[in-house]
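Asks: Structure in structure tokens, see below.
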Amino acid sequence: MKVLIVEDERALADALEHIVRRAGYAADAVYNGTDALAQAMEGGYDVIVLDVMLPDMDGFQIVSRLRARGNPTPVLMLTARADVSDKVTGLNAGADDYMTKPFDNAELLARLNALCRRTGEVVLNEIHFADVTLDLNAARLSAGSDSVQLSKKEFELARLLLSHPRQTLSMDAIYSHVWGLDAEVTENNVMAYVSFLRKKLKYLNSRVTIRNIPQIGYRLEETGV
Ligand code: CA
């Protein structure tokens, strides 16, 4: 599970990131609405934790803009106000769930899990697409009775692609989700890891292929269907 955290209070953003990472999930944090929209639209997130009160635009505007642009990522809104009108506004704008601060860590994680399950892509500790299964705990990719171990970066790339099958993922989305927002990474790094993964898919005799979309990025597809 990959979580985008949008929260302008740095201490709270750091705490949220820590909670999510300690639960074994990946997390990125951004601190304003403009960055939130840009980052969310790059795709690759399974769920967004969105603070209502932000410096440049509010969480309601962000979620309605995401939905207007066709972004279906589940959104959990966070607010300091236990105001029922906020809840209604948030849900009307397209949010999927709502929590008030201060929140209980375990409840937050449970709700994030529930939102991810609702998208139907991530099933417990495995991701399936066509004839391949990625074991999220062991970082092993399998097809039929064969399986191969993935390196850390191969695993992150496989997880991103398998979480968004048949969707074109931009190079920027791949950079930020596999290498992190601040990493120095070039197209050659991505090409190298795509090539490693392709070799492993070939070894597994899988029908799944990683297609290059020129000038944009990559898309996971199933051949022969
Ligand atoms: Ca705030």
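Going through the structure tokens in order, the chains are called A, B, and so on, while each chain numbers its residues from 1 and the ligands are numbered from 1 in the order shown.
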Neighbours of ligand 1 at 6 Å or closer, counting only C-alpha atoms and all ligand atoms: which residues, as a list in words?
Replies: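 Sorted by chain and then by number, the residues are Glu7, Asp8, Glu9, Asp51, Met53 and Leu54 of chain A.
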Asks: How would the residues just chosen look if you wrote them out with N, CA and C atoms as a compact mmCIF listing (two decimals), in the first residue's frame?
Replies:
```
# COMPACT_ATOMS: atom_id res chain seq x y z
N GLU A 7 -0.63 17.32 4.50
CA GLU A 7 -0.81 17.93 5.84
C GLU A 7 0.22 19.04 5.98
N ASP A 8 -0.24 20.27 6.25
CA ASP A 8 0.70 21.39 6.32
C ASP A 8 1.44 21.49 7.65
N GLU A 9 0.90 20.88 8.69
CA GLU A 9 1.63 20.89 9.96
C GLU A 9 2.71 19.82 9.88
N ASP A 51 -5.63 16.54 4.73
CA ASP A 51 -6.02 17.52 5.75
C ASP A 51 -6.98 18.53 5.12
N MET A 53 -7.67 21.79 6.29
CA MET A 53 -7.17 23.17 6.32
C MET A 53 -5.73 23.22 5.83
N LEU A 54 -5.55 23.76 4.62
CA LEU A 54 -4.21 23.88 4.04
C LEU A 54 -4.00 25.33 3.63
```
Asks: For Glu17 in chain A, list every protein, DNA or RNA residue within 8 Å, evaluated using only C-alpha atoms, and leave out those in the same chain fewer than 2 positions away; present the list as a VMD selection string.
Replies: chain A and resid 5 13 to 15 19 to 21 27 to 29
Asks: Given only C-alpha atoms as the basis, pick out the residue of A:Leu112, A:Val47, A:Val6, A:Ala143 nearest to Thr79 in chain A.
Replies: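 With only C-alpha atoms as the atom set, the closest residue is A:Val6.
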Asks: Near range 159-165 of chain A, within 9 Å and counting only C-alpha atoms, which residues show up once chain neighbours fewer than 2 positions away are dropped, as a ChimeraX atom specification?
Replies: /A:1-2,43-46,121-122,127-129,133-134,136,154-157,167-169,174,177-178,210,218-222
Asks: From the set A:Arg211, A:Ala36, A:Asp172, A:Leu12, which residue has the shortest atom-to-atom contact distance to Glu184 in chain A, counting only C-alpha atoms?
Replies: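 Under the stated criterion, the closest residue is A:Asp172.
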Asks: Can you tell me, as a compact mmCIF listing (two decimals) with N, CA and C atoms, in the first residue's frame, what residues are no more than 10 Å from Trp179 in chain A when counting only C-alpha atoms, ignoring any on the same chain fewer than 6 positions away?
Replies:
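Final file, out11.txt:
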```
# COMPACT_ATOMS: atom_id res chain seq x y z
N LYS A 153 14.45 -2.69 -5.37
CA LYS A 153 13.92 -1.79 -6.40
C LYS A 153 13.02 -2.53 -7.39
N GLU A 156 9.71 -2.81 -5.65
CA GLU A 156 8.95 -1.56 -5.62
C GLU A 156 8.34 -1.28 -6.99
N LEU A 157 9.12 -1.52 -8.04
CA LEU A 157 8.63 -1.30 -9.40
C LEU A 157 7.50 -2.28 -9.73
N ALA A 173 6.03 9.42 -12.07
CA ALA A 173 5.36 8.58 -11.06
C ALA A 173 6.27 7.44 -10.65
N VAL A 185 17.65 10.27 -9.98
CA VAL A 185 17.43 9.08 -10.78
C VAL A 185 17.19 9.48 -12.22
N ASN A 189 18.10 4.42 -15.17
CA ASN A 189 17.88 3.58 -13.99
C ASN A 189 16.57 2.81 -14.14
N VAL A 190 15.53 3.55 -14.58
CA VAL A 190 14.22 2.92 -14.72
C VAL A 190 14.30 1.83 -15.79
```
Asks: I need the residues in range 107-187 of chain A that are alpha helix (DSSP H) according to DSSP; give them as a PyMOL selection string.
Replies: chain A and resi 107-119+152-163+171-174+187
Asks: Please extract the residues of range 6-217 of chain A with a backbone DSSP assignment of strand (DSSP E) and present them as a PyMOL selection string.
Replies: chain A and resi 6+26-30+47-51+75-79+97-100+122-123+126-129+132-135+140-143+146-149+168-170+208-213+217
